file model11.csv (CSV, C-alpha atoms)
chain,number,residue,atom,x,y,z
A,1,MET,CA,29.7,57.9,-8.0
A,2,SER,CA,26.9,60.3,-8.9
A,3,PRO,CA,24.2,59.4,-11.4
A,4,TRP,CA,25.5,62.0,-13.9
A,5,ALA,CA,29.0,60.4,-13.7
A,6,VAL,CA,27.5,57.1,-14.5
A,7,VAL,CA,25.7,58.5,-17.5
A,8,VAL,CA,28.8,60.2,-18.8
A,9,LEU,CA,30.8,57.0,-18.3
A,10,LEU,CA,28.2,55.0,-20.2
A,11,LEU,CA,28.1,57.6,-23.0
A,12,ALA,CA,31.9,57.4,-23.3
A,13,VAL,CA,31.8,53.6,-23.5
A,14,LEU,CA,29.1,53.9,-26.2
A,15,VAL,CA,31.2,56.4,-28.2
A,16,GLY,CA,34.3,54.2,-27.9
A,17,ALA,CA,32.3,51.2,-29.1
A,18,VAL,CA,30.9,53.0,-32.1
A,19,GLY,CA,34.4,54.2,-33.0
A,20,TRP,CA,35.8,50.7,-32.8
A,21,LYS,CA,33.0,49.4,-34.9
A,22,VAL,CA,33.7,52.0,-37.6
A,23,MET,CA,37.4,51.1,-37.7
A,24,ARG,CA,36.6,47.4,-37.7
A,25,SER,CA,34.2,47.8,-40.6
A,26,ALA,CA,36.8,49.6,-42.7
A,27,THR,CA,39.3,46.8,-42.0
A,28,VAL,CA,36.8,44.1,-43.0
A,29,ALA,CA,35.9,46.0,-46.1
A,30,HIS,CA,39.6,46.1,-47.1
A,31,GLU,CA,39.9,42.3,-46.5
A,32,ASP,CA,36.8,41.7,-48.5
A,33,LEU,CA,38.3,43.5,-51.5
A,34,ALA,CA,41.5,41.7,-51.2
A,35,ASP,CA,39.8,38.2,-50.9
A,36,GLY,CA,37.5,38.8,-53.8
A,37,VAL,CA,34.3,38.6,-51.7
A,38,ILE,CA,31.1,38.6,-53.8
A,39,ALA,CA,28.4,38.2,-51.1
A,40,ILE,CA,28.1,38.5,-47.4
A,41,PHE,CA,25.5,37.2,-44.9
A,42,GLY,CA,25.6,37.1,-41.1
A,43,GLY,CA,29.4,37.3,-41.0
A,44,LEU,CA,29.9,34.6,-43.7
A,45,ARG,CA,31.7,35.8,-46.8
A,46,LEU,CA,31.4,34.1,-50.1
A,47,THR,CA,34.2,34.1,-52.8
A,48,GLU,CA,34.2,32.2,-56.0
A,49,THR,CA,36.0,29.2,-54.4
A,50,ALA,CA,35.1,29.2,-50.7
A,51,VAL,CA,32.8,30.3,-47.8
A,52,VAL,CA,35.0,32.3,-45.4
A,53,GLU,CA,34.1,32.2,-41.7
A,54,GLY,CA,35.7,34.9,-39.6
A,55,THR,CA,38.3,37.5,-40.6
A,56,GLY,CA,42.1,38.0,-40.5
A,57,ASP,CA,44.5,35.3,-39.5
A,58,ARG,CA,41.8,33.2,-37.8
A,59,ALA,CA,39.5,33.1,-40.9
A,60,LEU,CA,38.4,29.6,-41.9
A,61,HIS,CA,38.0,28.8,-45.6
A,62,HIS,CA,35.4,26.2,-46.5
A,63,SER,CA,35.8,24.9,-50.1
A,64,LEU,CA,32.5,25.2,-52.1
A,65,ALA,CA,33.0,21.7,-53.5
A,66,GLY,CA,30.0,19.6,-52.3
A,67,LEU,CA,28.4,22.5,-50.4
A,68,SER,CA,24.7,23.4,-50.6
A,69,ALA,CA,22.7,26.2,-49.0
A,70,ARG,CA,19.1,26.8,-48.1
A,71,VAL,CA,17.1,29.6,-46.5
A,72,GLU,CA,14.7,29.2,-43.6
A,73,ILE,CA,12.5,31.9,-42.1
A,74,ARG,CA,11.8,31.3,-38.4
A,75,SER,CA,10.2,33.1,-35.5
A,76,ALA,CA,12.2,33.3,-32.3
A,77,ARG,CA,11.8,34.8,-28.8
A,78,ASN,CA,14.8,37.0,-28.1
A,79,SER,CA,16.0,38.8,-25.0
A,80,HIS,CA,17.8,42.1,-25.3
A,81,VAL,CA,19.1,45.0,-23.2
A,82,THR,CA,18.0,48.5,-24.4
A,83,ILE,CA,20.0,51.7,-23.8
A,84,PRO,CA,17.1,53.3,-21.7
A,85,ARG,CA,17.1,50.3,-19.4
A,86,VAL,CA,20.9,50.6,-18.9
A,87,LEU,CA,20.6,54.3,-18.2
A,88,PHE,CA,17.8,53.8,-15.6
A,89,LEU,CA,18.6,50.4,-14.2
A,90,GLY,CA,22.4,50.2,-14.6
A,91,ILE,CA,23.8,46.7,-14.0
A,92,LEU,CA,20.3,45.5,-13.2
A,93,ALA,CA,19.4,45.8,-16.8
A,94,LEU,CA,21.4,42.7,-17.5
A,95,ALA,CA,19.0,40.8,-15.2
A,96,VAL,CA,15.8,42.5,-16.4
A,97,LYS,CA,16.0,41.9,-20.1
A,98,LYS,CA,13.1,42.8,-22.4
A,99,GLU,CA,11.7,39.8,-24.3
A,100,ARG,CA,10.1,40.0,-27.8
A,101,TYR,CA,9.3,37.9,-30.7
A,102,ASP,CA,11.5,38.3,-33.7
A,103,THR,CA,11.5,36.9,-37.2
A,104,GLU,CA,14.8,35.7,-38.6
A,105,ALA,CA,16.2,34.7,-42.0
A,106,HIS,CA,18.6,31.7,-41.6
A,107,VAL,CA,21.1,30.5,-44.1
A,108,VAL,CA,22.0,26.9,-43.6
A,109,ILE,CA,25.1,25.5,-45.4
A,110,GLU,CA,25.8,21.8,-45.4
A,111,GLY,CA,28.4,19.6,-47.1
A,112,PRO,CA,31.0,16.9,-46.4
A,113,GLY,CA,32.3,17.7,-42.9
A,114,THR,CA,30.8,21.2,-42.9
A,115,LYS,CA,27.7,22.6,-41.4
A,116,LEU,CA,27.3,26.4,-41.0
A,117,GLU,CA,24.3,28.5,-40.0
A,118,ARG,CA,23.9,32.2,-39.7
A,119,ALA,CA,20.8,34.3,-39.1
A,120,VAL,CA,19.8,38.0,-39.3
A,121,SER,CA,16.8,39.7,-37.7
A,122,LEU,CA,14.1,40.9,-40.2
A,123,ARG,CA,13.2,43.5,-37.7
A,124,ARG,CA,16.6,45.1,-38.0
A,125,HIS,CA,17.2,44.2,-41.6
A,126,PRO,CA,13.9,44.2,-43.5
A,127,ASP,CA,15.7,43.0,-46.7
A,128,GLY,CA,17.3,40.1,-44.8
A,129,ALA,CA,15.2,37.4,-46.5
A,130,GLU,CA,16.1,38.7,-49.9
A,131,VAL,CA,19.8,38.9,-49.0
A,132,ALA,CA,19.7,35.4,-47.6
A,133,ARG,CA,18.2,34.0,-50.8
A,134,GLU,CA,20.7,35.9,-52.9
A,135,PHE,CA,23.6,34.5,-50.8
A,136,ALA,CA,22.3,30.9,-50.9
A,137,ALA,CA,21.6,31.1,-54.7
A,138,ARG,CA,25.1,32.4,-55.4
A,139,LEU,CA,26.7,29.7,-53.3
A,140,ASN,CA,24.6,26.9,-54.9
A,141,ARG,CA,25.5,28.3,-58.4
A,142,LEU,CA,29.2,28.5,-57.7
A,143,SER,CA,29.2,25.1,-56.0
A,144,THR,CA,27.6,23.5,-59.1
A,145,HIS,CA,29.3,25.7,-61.7
A,146,PRO,CA,32.6,27.0,-60.3
A,147,GLY,CA,33.6,30.4,-61.5
A,148,SER,CA,30.1,31.4,-62.7
A,149,ASP,CA,28.4,34.2,-60.9
A,150,HIS,CA,26.0,35.4,-63.6
A,151,TYR,CA,22.5,34.1,-63.0
A,152,PRO,CA,18.9,35.4,-62.7
A,153,ARG,CA,17.5,36.0,-59.3
A,154,SER,CA,15.9,32.9,-57.8
A,155,ARG,CA,12.1,32.7,-58.1
A,156,PRO,CA,9.5,30.4,-56.4
A,157,ARG,CA,9.2,27.2,-58.3
A,158,GLY,CA,6.0,26.5,-60.1
A,159,GLY,CA,3.6,24.0,-58.5
A,160,GLN,CA,4.6,25.0,-55.0
A,161,GLU,CA,2.4,23.1,-52.6
A,162,ARG,CA,3.4,24.4,-49.1
A,163,PHE,CA,3.8,28.0,-48.1
A,164,ASP,CA,4.9,30.3,-45.2
A,165,VAL,CA,2.4,33.0,-44.4
A,166,ALA,CA,4.3,36.3,-43.8
A,167,LEU,CA,2.7,39.4,-42.3
A,168,LEU,CA,4.3,42.4,-43.9
A,169,ASP,CA,2.2,45.3,-42.6
A,170,PRO,CA,-0.7,45.2,-40.1
A,171,GLY,CA,-2.2,48.3,-41.5
A,172,ALA,CA,-4.4,50.8,-39.4
A,173,ARG,CA,-6.7,48.2,-37.8
A,174,GLN,CA,-4.1,46.4,-35.6
A,175,VAL,CA,-6.7,45.3,-33.0
A,176,GLU,CA,-8.5,43.3,-35.7
A,177,VAL,CA,-5.2,41.9,-37.1
A,178,VAL,CA,-4.2,40.8,-33.6
A,179,ARG,CA,-7.5,39.0,-33.2
A,180,ALA,CA,-7.1,37.3,-36.6
A,181,VAL,CA,-3.5,36.2,-35.7
A,182,ARG,CA,-4.7,34.6,-32.5
A,183,GLN,CA,-7.4,32.7,-34.5
A,184,LEU,CA,-4.8,31.5,-37.0
A,185,VAL,CA,-1.9,30.6,-34.7
A,186,ARG,CA,-3.1,28.0,-32.2
A,187,GLY,CA,-2.1,28.5,-28.6
A,188,LEU,CA,-0.8,32.1,-29.2
A,189,GLY,CA,-1.3,34.5,-26.3
A,190,LEU,CA,-2.4,38.1,-26.6
A,191,ILE,CA,1.0,39.5,-25.8
A,192,ASP,CA,2.8,37.2,-28.2
A,193,ALA,CA,0.2,38.0,-30.9
A,194,LYS,CA,0.8,41.8,-30.4
A,195,GLU,CA,4.6,41.2,-30.7
A,196,LEU,CA,4.1,39.5,-34.0
A,197,VAL,CA,1.8,42.2,-35.3
A,198,THR,CA,3.9,45.2,-34.2
A,199,GLY,CA,7.2,43.5,-35.1
A,200,THR,CA,6.5,43.0,-38.8
A,201,PRO,CA,7.6,41.4,-41.0
A,202,SER,CA,6.7,38.3,-39.2
A,203,ILE,CA,6.2,34.7,-40.2
A,204,LEU,CA,2.8,33.5,-38.8
A,205,LEU,CA,2.5,30.1,-40.3
A,206,GLU,CA,5.2,27.8,-41.7
A,207,GLN,CA,4.9,25.3,-44.5
A,208,VAL,CA,1.2,25.0,-44.5
A,209,SER,CA,-0.9,23.7,-47.4
A,210,ALA,CA,-2.0,26.0,-50.2
A,211,PRO,CA,-5.7,26.1,-49.2
A,212,GLU,CA,-4.7,26.9,-45.6
A,213,ALA,CA,-2.3,29.6,-46.6
A,214,GLU,CA,-4.9,31.2,-48.9
A,215,ALA,CA,-7.5,31.1,-46.2
A,216,ALA,CA,-5.1,32.8,-43.7
A,217,ARG,CA,-4.2,35.5,-46.3
A,218,GLU,CA,-7.9,36.3,-46.9
A,219,ARG,CA,-8.6,36.4,-43.2
A,220,LEU,CA,-5.7,38.8,-42.5
A,221,GLU,CA,-6.4,41.0,-45.6
A,222,ASP,CA,-10.0,41.3,-44.5
A,223,ALA,CA,-8.6,42.8,-41.3
A,224,GLY,CA,-6.6,45.3,-43.3
A,225,ALA,CA,-3.2,43.6,-43.2
A,226,THR,CA,-0.7,43.2,-46.0
A,227,VAL,CA,0.3,39.5,-46.4
A,228,GLU,CA,2.7,37.5,-48.7
A,229,LEU,CA,2.9,33.8,-49.2
A,230,LEU,CA,6.5,32.6,-49.4

call {"tool": "encode", "arguments": {"input": "model11.csv", "output": "structure tokens"}}
result
Amino acid sequence: MSPWAVVVLLLAVLVGAVGWKVMRSATVAHEDLADGVIAIFGGLRLTETAVVEGTGDRALHHSLAGLSARVEIRSARNSHVTIPRVLFLGILALAVKKERYDTEAHVVIEGPGTKLERAVSLRRHPDGAEVAREFAARLNRLSTHPGSDHYPRSRPRGGQERFDVALLDPGARQVEVVRAVRQLVRGLGLIDAKELVTGTPSILLEQVSAPEAEAARERLEDAGATVELL
């Protein structure tokens, strides 16, 4: 098979996959409307009475009674196959995956006999953390007050003592920001530091004290970065 034939075949597979995804999205949207879904995160659908896992006849309904949800922001190293690698390397692309650091928003749901966890990449979904907090807040409100879905957006509680340090934008002086990140995150290599800086938003430090978080923010802002304490 010639290289052009391989490219045409791969493009045909890609077009077919996109078409299937569009049709699947339309089907799921119809099911959401029928089931009264009020929030979605990572494939989990929230109604006023249950968390729905999956779709169609195989969907599992977890009653909200006794459930609680929390949001965690984590950094993770992921491997993935890119389209250019598939085009140039073919099947070898599966063995030569590109690794990178990614920051993910996790929703963890726990209750009697139930534990669910879903995550989305903040690289692909910049608003993922906000969506995760919204989903968790709705679930906790409905679990405590069934049938009530009218509430203000959740805000950080006063007197917070520990913070996550989030790098939102490295700015124009990325070399200085990379240097600052390596100083702040112990044991972090140059390549990993560059991944965190170029893959913003990134969580650099998790649950550190207020003085440490403020010192980290000042160091990063001096290097030209935009930082938020969560």

call {"tool": "residues_around", "arguments": {"input": "model11.csv", "residues": "range 47-58 of chain A", "least_positions_apart": "3", "cutoff": "6 Å", "atoms": "only C-alpha atoms", "output": "JSON, numbers by chain"}}
result
{"A": [36, 37, 38, 44, 61, 62, 63, 64, 147]}

call {"tool": "atom_distance", "arguments": {"input": "model11.csv", "atom1": "CA of Thr198 in chain A", "atom2": "CA of Gln160 in chain A"}}
result
29.0 Å

call {"tool": "atom_distance", "arguments": {"input": "model11.csv", "atom1": "CA of Ile203 in chain A", "atom2": "CA of Gly43 in chain A"}}
result
23.4 Å

call {"tool": "residues_around", "arguments": {"input": "model11.csv", "residues": "Leu220 in chain A", "least_positions_apart": "6", "cutoff": "9 Å", "atoms": "all atoms listed in the file", "output": "PyMOL selection string"}}
result
chain A and resi 167+170+176-177+180-181+226-227

call {"tool": "closest_residue", "arguments": {"input": "model11.csv", "among": "A:Val175, A:Asp102, A:Val165, A:Leu190", "to": "Glu218 in chain A", "atoms": "all atoms listed in the file"}}
result
A:Val165
